[in-house]
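Structure first, commentary second.
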Amino acid sequence: MNPGVRVKTFKIDGLDVAGREDQTVLDVATEHGIPIPTMCHLEGLTSVGACRLCLVEVVGRSRLLPACVTPVEEGMAVVTNSERLQNYRRMLLEMLFVEGNHICAVCVSNGHCELQGLAQTLGVTHVHFPYHYPDRPVDASHSRFVVDHDRCVMCTRCVRVCNEVEGAHTWDVMGNGANVRVVTDLNEAWGRSETCTGCGKCVHVCPTGALFEKGHSVAEMLKKRQFLPYLTAMRRRQ
Amino acid sequence: MKTVKSAAPSTDNRWRIVDAAMRRLGFQPHALIETLHVTQETFGFLDEDALRYIAATLGVPLSQVYGVATFYRAFTLKPKGAHHTCVVCTGTACHLKGLPEILAALEAELGLSPGGSTPDGKAALMTARCLASCGLAPAAVFDGKMVGNLTSATALKRIRQWVEHES
Ligand code: FES
Ligand code: FES
């Protein structure tokens, strides 16, 4: 451990834990095997606190805090799994389901989807909100990849991996409110992008079937993520 | 000192206003929002050429420029599907020389108001703060071409030509 970095001691779900001051609540919880659901967070990318699934309670504070971007503090008492949090997390997932068009039965990622997996783990049995059925496009102009915006949950992992790891910054987020969408370059056909290197990192970090490789049918798209910790480690050595 | 590297999208003099804004801010990526504002005010909308030019000159990724340009309501992208654009100048000189009457005529005759399009969506009407052609007031730009001493009759005629031609 770097001697210049201070250590903070605090509690997670009653357990005494310690973390470096540059760690987040999520980091320390993960180290201690305490599960906190996450979606936009991905080890190796900057955390942005977009999805709010990792919300935790901190005793003495009325606001819920996203564990993935909350730095550890001396003496804090974190609660990761109260009834209230479970309700909020299910509600968030339900909102994601109604906001897009998630039809698992016909999806390339069926069975390997993080959204589907979270819904199962957190016990989303039915959806209490009306479905929006938004009109969202599919772009299959790239020779190897497809983006189906119906299945996008706006986690922005693709945007971050493209910018932070590949260095191309082909993806970004356009619009605001209910009209947000990930775009390539000037919202042009992906296949005509001048900046895309075709590396496929975005496809493999995508938690759902929004980004996938051509040539896969229902349930066949397996995402391979080992490149991310590998590249991070290799670059640190340079 | 950094100078403008990529060539302006056209010989339109208004690009000098955009260039001056970028130069004033040292061609830094953080000049993006200000540059978009100046471009919007000067041209009345942001089209693909403008976004590409600004991205290249400030060294900002295309998708980021697009993200910023679509996030803020202050910016108008060239409407999708609009084959023709008319940008009327709302500067002081143009206002005093009869712009309100022209706008009223477009509204009454074609149902066209600033920010809107003709019913078929083919022609869009937009406004710019000053087209830097005050001597020609009232001025408007029809599909990139500056037209001075505009009257309601000439404005109507030009837009009607587009609409009829397209149908
Ligand atoms: S994982 Fe923390 S906000 Fe998404
Ligand atoms: S006021 Fe119209 S061009 Fe300047």
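Following the order of the structure tokens, chains are lettered A, B, ..., residues in each are numbered from 1, and ligands are numbered from 1.
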
Next on the checklist: ligand 1: which residues are within 12 Å, counting only C-alpha atoms and all ligand atoms? Reply as a PyMOL selection string.
Outcome noted: chain A and resi 24-27+35-43+45-56+64-70+89+92-93+114-115+118+153-157+207

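The list of residues with at least one atom within 10 Å of His216 (chain A), based on only C-alpha atoms and without residues fewer than 4 positions apart in the same chain, reads Cys107, Val108, Ser109, Phe212, Glu220, Met221 and Leu222 of chain A.
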
Checklist entry - Using only C-alpha atoms, which chain A residues lie at most 7 Å away from chain B, written as a ChimeraX atom specification? => result /A:169-176,183-186

Next on the checklist: If the limit is 8 Å from any atom of ligand 2, counting only C-alpha atoms and all ligand atoms, which residues qualify? Return them as number ranges by chain.
Outcome noted: B: 89-95, 129-140

Requested write-out: N, CA, C and O atoms of the selected residues, as a PDB file, in the first residue's frame:
ATOM      1  N   CYS B  89     -32.710  37.834 -40.465  1.00  0.00           N
ATOM      2  CA  CYS B  89     -31.921  38.556 -39.474  1.00  0.00           C
ATOM      3  C   CYS B  89     -32.844  39.344 -38.558  1.00  0.00           C
ATOM      4  O   CYS B  89     -33.748  40.035 -39.024  1.00  0.00           O
ATOM      5  N   THR B  90     -32.630  39.230 -37.249  1.00  0.00           N
ATOM      6  CA  THR B  90     -33.473  39.959 -36.304  1.00  0.00           C
ATOM      7  C   THR B  90     -32.688  41.094 -35.648  1.00  0.00           C
ATOM      8  O   THR B  90     -33.081  41.610 -34.614  1.00  0.00           O
ATOM      9  N   GLY B  91     -31.567  41.479 -36.262  1.00  0.00           N
ATOM     10  CA  GLY B  91     -30.757  42.572 -35.720  1.00  0.00           C
ATOM     11  C   GLY B  91     -31.509  43.894 -35.769  1.00  0.00           C
ATOM     12  O   GLY B  91     -32.561  44.003 -36.417  1.00  0.00           O
ATOM     13  N   THR B  92     -30.949  44.876 -35.120  1.00  0.00           N
ATOM     14  CA  THR B  92     -31.637  46.166 -35.000  1.00  0.00           C
ATOM     15  C   THR B  92     -31.954  46.787 -36.357  1.00  0.00           C
ATOM     16  O   THR B  92     -33.079  47.197 -36.618  1.00  0.00           O
ATOM     17  N   ALA B  93     -30.954  46.802 -37.245  1.00  0.00           N
ATOM     18  CA  ALA B  93     -31.162  47.441 -38.547  1.00  0.00           C
ATOM     19  C   ALA B  93     -32.282  46.740 -39.308  1.00  0.00           C
ATOM     20  O   ALA B  93     -33.195  47.384 -39.841  1.00  0.00           O
ATOM     21  N   CYS B  94     -32.242  45.430 -39.349  1.00  0.00           N
ATOM     22  CA  CYS B  94     -33.252  44.679 -40.087  1.00  0.00           C
ATOM     23  C   CYS B  94     -34.621  44.838 -39.449  1.00  0.00           C
ATOM     24  O   CYS B  94     -35.642  44.920 -40.132  1.00  0.00           O
ATOM     25  N   HIS B  95     -34.627  44.905 -38.140  1.00  0.00           N
ATOM     26  CA  HIS B  95     -35.899  45.082 -37.442  1.00  0.00           C
ATOM     27  C   HIS B  95     -36.533  46.410 -37.837  1.00  0.00           C
ATOM     28  O   HIS B  95     -37.705  46.474 -38.206  1.00  0.00           O
ATOM     29  N   ARG B 129     -29.164  36.501 -34.941  1.00  0.00           N
ATOM     30  CA  ARG B 129     -29.151  37.766 -34.206  1.00  0.00           C
ATOM     31  C   ARG B 129     -28.680  38.910 -35.090  1.00  0.00           C
ATOM     32  O   ARG B 129     -29.216  39.990 -35.087  1.00  0.00           O
ATOM     33  N   CYS B 130     -27.631  38.672 -35.868  1.00  0.00           N
ATOM     34  CA  CYS B 130     -27.208  39.670 -36.841  1.00  0.00           C
ATOM     35  C   CYS B 130     -26.409  38.974 -37.917  1.00  0.00           C
ATOM     36  O   CYS B 130     -25.475  38.237 -37.632  1.00  0.00           O
ATOM     37  N   LEU B 131     -26.784  39.159 -39.152  1.00  0.00           N
ATOM     38  CA  LEU B 131     -26.105  38.492 -40.258  1.00  0.00           C
ATOM     39  C   LEU B 131     -24.901  39.295 -40.739  1.00  0.00           C
ATOM     40  O   LEU B 131     -24.287  38.957 -41.741  1.00  0.00           O
ATOM     41  N   ALA B 132     -24.571  40.373 -40.037  1.00  0.00           N
ATOM     42  CA  ALA B 132     -23.415  41.204 -40.381  1.00  0.00           C
ATOM     43  C   ALA B 132     -23.523  41.778 -41.788  1.00  0.00           C
ATOM     44  O   ALA B 132     -22.532  41.906 -42.498  1.00  0.00           O
ATOM     45  N   SER B 133     -24.734  42.065 -42.215  1.00  0.00           N
ATOM     46  CA  SER B 133     -24.943  42.724 -43.508  1.00  0.00           C
ATOM     47  C   SER B 133     -25.946  43.853 -43.323  1.00  0.00           C
ATOM     48  O   SER B 133     -26.890  44.003 -44.093  1.00  0.00           O
ATOM     49  N   CYS B 134     -25.701  44.630 -42.291  1.00  0.00           N
ATOM     50  CA  CYS B 134     -26.681  45.644 -41.891  1.00  0.00           C
ATOM     51  C   CYS B 134     -26.977  46.633 -43.016  1.00  0.00           C
ATOM     52  O   CYS B 134     -28.078  47.172 -43.106  1.00  0.00           O
ATOM     53  N   GLY B 135     -25.983  46.863 -43.889  1.00  0.00           N
ATOM     54  CA  GLY B 135     -26.200  47.778 -44.999  1.00  0.00           C
ATOM     55  C   GLY B 135     -27.269  47.282 -45.968  1.00  0.00           C
ATOM     56  O   GLY B 135     -27.811  48.053 -46.754  1.00  0.00           O
ATOM     57  N   LEU B 136     -27.560  45.997 -45.937  1.00  0.00           N
ATOM     58  CA  LEU B 136     -28.537  45.409 -46.847  1.00  0.00           C
ATOM     59  C   LEU B 136     -29.902  45.229 -46.177  1.00  0.00           C
ATOM     60  O   LEU B 136     -30.790  44.591 -46.734  1.00  0.00           O
ATOM     61  N   ALA B 137     -30.043  45.739 -44.972  1.00  0.00           N
ATOM     62  CA  ALA B 137     -31.248  45.473 -44.175  1.00  0.00           C
ATOM     63  C   ALA B 137     -32.528  45.849 -44.932  1.00  0.00           C
ATOM     64  O   ALA B 137     -32.539  46.857 -45.652  1.00  0.00           O
ATOM     65  N   PRO B 138     -33.565  45.054 -44.778  1.00  0.00           N
ATOM     66  CA  PRO B 138     -33.596  43.776 -44.056  1.00  0.00           C
ATOM     67  C   PRO B 138     -32.983  42.643 -44.880  1.00  0.00           C
ATOM     68  O   PRO B 138     -33.188  42.565 -46.073  1.00  0.00           O
ATOM     69  N   ALA B 139     -32.235  41.796 -44.183  1.00  0.00           N
ATOM     70  CA  ALA B 139     -31.494  40.740 -44.868  1.00  0.00           C
ATOM     71  C   ALA B 139     -31.939  39.359 -44.398  1.00  0.00           C
ATOM     72  O   ALA B 139     -32.411  39.188 -43.276  1.00  0.00           O
ATOM     73  N   ALA B 140     -31.784  38.399 -45.288  1.00  0.00           N
ATOM     74  CA  ALA B 140     -32.060  37.005 -44.945  1.00  0.00           C
ATOM     75  C   ALA B 140     -31.154  36.125 -45.796  1.00  0.00           C
ATOM     76  O   ALA B 140     -30.661  36.555 -46.837  1.00  0.00           O
TER      77      ALA B 140
END

Next on the checklist: I'd like to know which residues of region 40-164 of chain B are helix (DSSP H, G or I) (by DSSP, run on the backbone); could you write them as a ChimeraX atom specification?
Outcome noted: /B:40-43,48-58,62-71,92-96,99-110,134-136,152-164

Next on the checklist: Just want the 12 Å neighbourhood of Phe145 (chain A), counted on only C-alpha atoms, with same-chain residues fewer than 4 positions away dropped. Output as a ChimeraX atom specification.
Outcome noted: /A:138-141,189-191,196-204,209-216,221

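Considering only C-alpha atoms, the residue among B:Leu112, B:Ala123, B:Val38, B:Ala55 positioned nearest to Trp15 (chain B) is B:Val38.
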
Item to check | Shell of 12 Å around His165 (chain B), only C-alpha atoms, local chain residues under 2 positions omitted, as a PyMOL selection string | outcome: chain B and resi 83-84+122-123+157-163+167

Create the file for the chosen residues now, containing C-alpha atoms and written as a PDB file, in the first residue's frame.
ATOM      1  CA  HIS B  83     -34.214  20.678 -47.897  1.00  0.00           C
ATOM      2  CA  HIS B  84     -34.342  24.434 -47.711  1.00  0.00           C
ATOM      3  CA  LYS B 122     -39.275  20.823 -46.676  1.00  0.00           C
ATOM      4  CA  ALA B 123     -38.515  24.452 -45.829  1.00  0.00           C
ATOM      5  CA  LYS B 157     -41.853  34.238 -53.745  1.00  0.00           C
ATOM      6  CA  ARG B 158     -38.643  32.452 -52.846  1.00  0.00           C
ATOM      7  CA  ILE B 159     -40.216  30.153 -50.329  1.00  0.00           C
ATOM      8  CA  ARG B 160     -43.182  29.396 -52.583  1.00  0.00           C
ATOM      9  CA  GLN B 161     -40.739  28.415 -55.320  1.00  0.00           C
ATOM     10  CA  TRP B 162     -39.155  25.864 -53.010  1.00  0.00           C
ATOM     11  CA  VAL B 163     -42.443  24.405 -51.894  1.00  0.00           C
ATOM     12  CA  SER B 167     -44.127  18.935 -54.684  1.00  0.00           C
TER      13      SER B 167
END

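Atom pair CA of Thr57 (chain B) / CA of Thr39 (chain B): separated by 13.4 Å.
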
Checklist entry - For Asn87 (chain A), which residue among A:Leu122, A:Leu228, A:Ala105, A:Ala178 is the nearest when counting only C-alpha atoms? => result A:Leu122

Item to check | Backbone DSSP call of strand (DSSP E or B) for region 47-165 of chain B, listed as number ranges by chain | outcome: B: 77, 84-89, 117, 123-128, 140-142, 145-147

Kindly export the residues of the current selection with all heavy atoms, as a short mmCIF file (atom, residue, chain, number, x, y, z; two decimals), in the first residue's frame.
data_model
loop_
_atom_site.label_atom_id
_atom_site.label_comp_id
_atom_site.auth_asym_id
_atom_site.auth_seq_id
_atom_site.Cartn_x
_atom_site.Cartn_y
_atom_site.Cartn_z
N LEU B 77 -30.30 22.65 -34.44
CA LEU B 77 -29.64 21.96 -35.55
C LEU B 77 -30.47 22.15 -36.79
O LEU B 77 -31.68 22.33 -36.70
CB LEU B 77 -29.50 20.48 -35.23
CG LEU B 77 -28.11 20.07 -34.75
CD1 LEU B 77 -27.74 20.84 -33.50
CD2 LEU B 77 -28.05 18.59 -34.50
N HIS B 84 -34.62 23.02 -47.53
CA HIS B 84 -34.34 24.43 -47.71
C HIS B 84 -34.42 25.16 -46.38
O HIS B 84 -35.24 24.83 -45.53
CB HIS B 84 -35.38 25.04 -48.66
CG HIS B 84 -35.39 24.40 -50.01
ND1 HIS B 84 -34.40 24.62 -50.94
CD2 HIS B 84 -36.25 23.52 -50.56
CE1 HIS B 84 -34.66 23.90 -52.02
NE2 HIS B 84 -35.78 23.23 -51.82
N THR B 85 -33.54 26.15 -46.23
CA THR B 85 -33.58 26.95 -45.01
C THR B 85 -33.59 28.43 -45.35
O THR B 85 -32.90 28.88 -46.27
CB THR B 85 -32.34 26.67 -44.14
OG1 THR B 85 -31.17 26.86 -44.95
CG2 THR B 85 -32.36 25.28 -43.56
N CYS B 86 -34.39 29.15 -44.59
CA CYS B 86 -34.39 30.61 -44.69
C CYS B 86 -34.08 31.15 -43.31
O CYS B 86 -34.75 30.81 -42.34
CB CYS B 86 -35.77 31.09 -45.15
SG CYS B 86 -35.92 32.89 -45.04
N VAL B 87 -33.00 31.93 -43.22
CA VAL B 87 -32.63 32.52 -41.94
C VAL B 87 -32.81 34.03 -42.04
O VAL B 87 -32.12 34.69 -42.82
CB VAL B 87 -31.16 32.20 -41.57
CG1 VAL B 87 -30.81 32.82 -40.23
CG2 VAL B 87 -30.93 30.70 -41.55
N VAL B 88 -33.76 34.56 -41.29
CA VAL B 88 -33.97 36.00 -41.33
C VAL B 88 -33.20 36.66 -40.19
O VAL B 88 -33.04 36.08 -39.12
CB VAL B 88 -35.48 36.37 -41.21
CG1 VAL B 88 -36.24 35.91 -42.44
CG2 VAL B 88 -36.08 35.80 -39.95
N CYS B 89 -32.71 37.83 -40.46
CA CYS B 89 -31.92 38.56 -39.47
C CYS B 89 -32.84 39.34 -38.56
O CYS B 89 -33.75 40.03 -39.02
CB CYS B 89 -30.96 39.51 -40.18
SG CYS B 89 -30.02 40.49 -39.01
N SER B 117 -41.49 24.98 -39.79
CA SER B 117 -41.28 24.60 -41.18
C SER B 117 -42.61 24.67 -41.91
O SER B 117 -43.67 24.72 -41.29
CB SER B 117 -40.76 23.17 -41.32
OG SER B 117 -40.00 22.81 -40.22
N ALA B 123 -39.19 23.17 -46.01
CA ALA B 123 -38.51 24.45 -45.83
C ALA B 123 -38.65 24.92 -44.38
O ALA B 123 -39.74 24.90 -43.82
CB ALA B 123 -39.12 25.50 -46.77
N ALA B 124 -37.52 25.31 -43.78
CA ALA B 124 -37.52 25.73 -42.38
C ALA B 124 -37.14 27.20 -42.27
O ALA B 124 -36.29 27.68 -43.02
CB ALA B 124 -36.54 24.88 -41.59
N LEU B 125 -37.81 27.89 -41.35
CA LEU B 125 -37.53 29.31 -41.11
C LEU B 125 -36.83 29.47 -39.77
O LEU B 125 -37.29 28.96 -38.76
CB LEU B 125 -38.84 30.10 -41.12
CG LEU B 125 -38.72 31.61 -40.86
CD1 LEU B 125 -37.97 32.30 -42.00
CD2 LEU B 125 -40.09 32.24 -40.67
N MET B 126 -35.70 30.18 -39.80
CA MET B 126 -34.97 30.39 -38.56
C MET B 126 -34.51 31.83 -38.46
O MET B 126 -34.62 32.58 -39.43
CB MET B 126 -33.78 29.43 -38.49
CG MET B 126 -34.22 28.03 -38.14
SD MET B 126 -33.03 26.77 -38.52
CE MET B 126 -33.16 26.71 -40.28
N THR B 127 -34.03 32.21 -37.29
CA THR B 127 -33.60 33.60 -37.12
C THR B 127 -32.14 33.64 -36.68
O THR B 127 -31.64 32.71 -36.07
CB THR B 127 -34.43 34.30 -36.02
OG1 THR B 127 -34.35 33.54 -34.83
CG2 THR B 127 -35.88 34.46 -36.45
N ALA B 128 -31.47 34.74 -37.04
CA ALA B 128 -30.11 34.97 -36.56
C ALA B 128 -30.07 36.34 -35.91
O ALA B 128 -30.87 37.21 -36.24
CB ALA B 128 -29.13 34.92 -37.73
N ALA B 140 -31.78 38.40 -45.29
CA ALA B 140 -32.06 37.01 -44.95
C ALA B 140 -31.15 36.13 -45.80
O ALA B 140 -30.66 36.56 -46.84
CB ALA B 140 -33.52 36.65 -45.19
N VAL B 141 -30.92 34.91 -45.33
CA VAL B 141 -30.11 33.97 -46.10
C VAL B 141 -31.01 32.82 -46.55
O VAL B 141 -31.59 32.12 -45.73
CB VAL B 141 -28.93 33.45 -45.25
CG1 VAL B 141 -28.13 32.43 -46.04
CG2 VAL B 141 -28.03 34.61 -44.84
N PHE B 142 -31.13 32.66 -47.86
CA PHE B 142 -31.93 31.57 -48.42
C PHE B 142 -30.98 30.50 -48.92
O PHE B 142 -30.20 30.76 -49.85
CB PHE B 142 -32.80 32.08 -49.58
CG PHE B 142 -33.88 33.04 -49.15
CD1 PHE B 142 -33.60 34.39 -48.94
CD2 PHE B 142 -35.17 32.60 -48.93
CE1 PHE B 142 -34.59 35.27 -48.53
CE2 PHE B 142 -36.17 33.47 -48.53
CZ PHE B 142 -35.87 34.80 -48.32
N LYS B 145 -27.53 31.64 -49.41
CA LYS B 145 -27.32 32.81 -50.25
C LYS B 145 -27.93 34.04 -49.59
O LYS B 145 -29.10 34.06 -49.24
CB LYS B 145 -27.96 32.58 -51.63
CG LYS B 145 -27.51 33.58 -52.67
CD LYS B 145 -28.03 33.15 -54.05
CE LYS B 145 -27.87 34.26 -55.07
NZ LYS B 145 -28.70 35.44 -54.79
N MET B 146 -27.09 35.07 -49.41
CA MET B 146 -27.55 36.30 -48.76
C MET B 146 -28.44 37.10 -49.70
O MET B 146 -28.10 37.33 -50.85
CB MET B 146 -26.32 37.12 -48.36
CG MET B 146 -26.62 38.45 -47.72
SD MET B 146 -27.16 38.26 -46.01
CE MET B 146 -25.63 37.71 -45.25
N VAL B 147 -29.59 37.51 -49.20
CA VAL B 147 -30.48 38.36 -49.98
C VAL B 147 -30.76 39.62 -49.16
O VAL B 147 -31.23 39.53 -48.03
CB VAL B 147 -31.81 37.63 -50.30
CG1 VAL B 147 -32.75 38.56 -51.05
CG2 VAL B 147 -31.54 36.37 -51.11
#

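Taking only C-alpha atoms into account, Ala77 (chain A) lies nearest to A:Lys11 out of the set A:Lys11, A:Arg20, A:His149, A:Arg225.
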
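Excluding Ile102 (chain B) itself and same-chain residues fewer than 5 positions from it, the residues having an atom within 8 Å of it are Thr151, Ser152 and Ala155 of chain B, counting only C-alpha atoms.
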
Considering only C-alpha atoms, tabulate each residue of region 139-223 of chain A that lies at most 12 Å from region 126-134 of chain A along with its nearest interatomic pair and the corresponding distance in Å to one decimal; arrange the rows by chain and ascending residue number and present them as a tab-separated table.
residue	atom	partner	partner_atom	distance
A:His149	CA	A:Pro134	CA	9.9
A:Asp150	CA	A:Pro134	CA	7.8
A:Arg151	CA	A:Pro134	CA	10.9
A:Cys152	CA	A:Pro134	CA	11.7
A:Ala178	CA	A:Pro134	CA	9.5
A:Asn179	CA	A:Pro134	CA	9.7
A:Val180	CA	A:Pro134	CA	11.8
A:Arg181	CA	A:Pro134	CA	11.9

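Considering the residues B:Ile54, B:Leu36, B:Ala31, B:Met22 and counting only C-alpha atoms, Ala7 (chain B) has its shortest atom-to-atom contact with B:Ile54.
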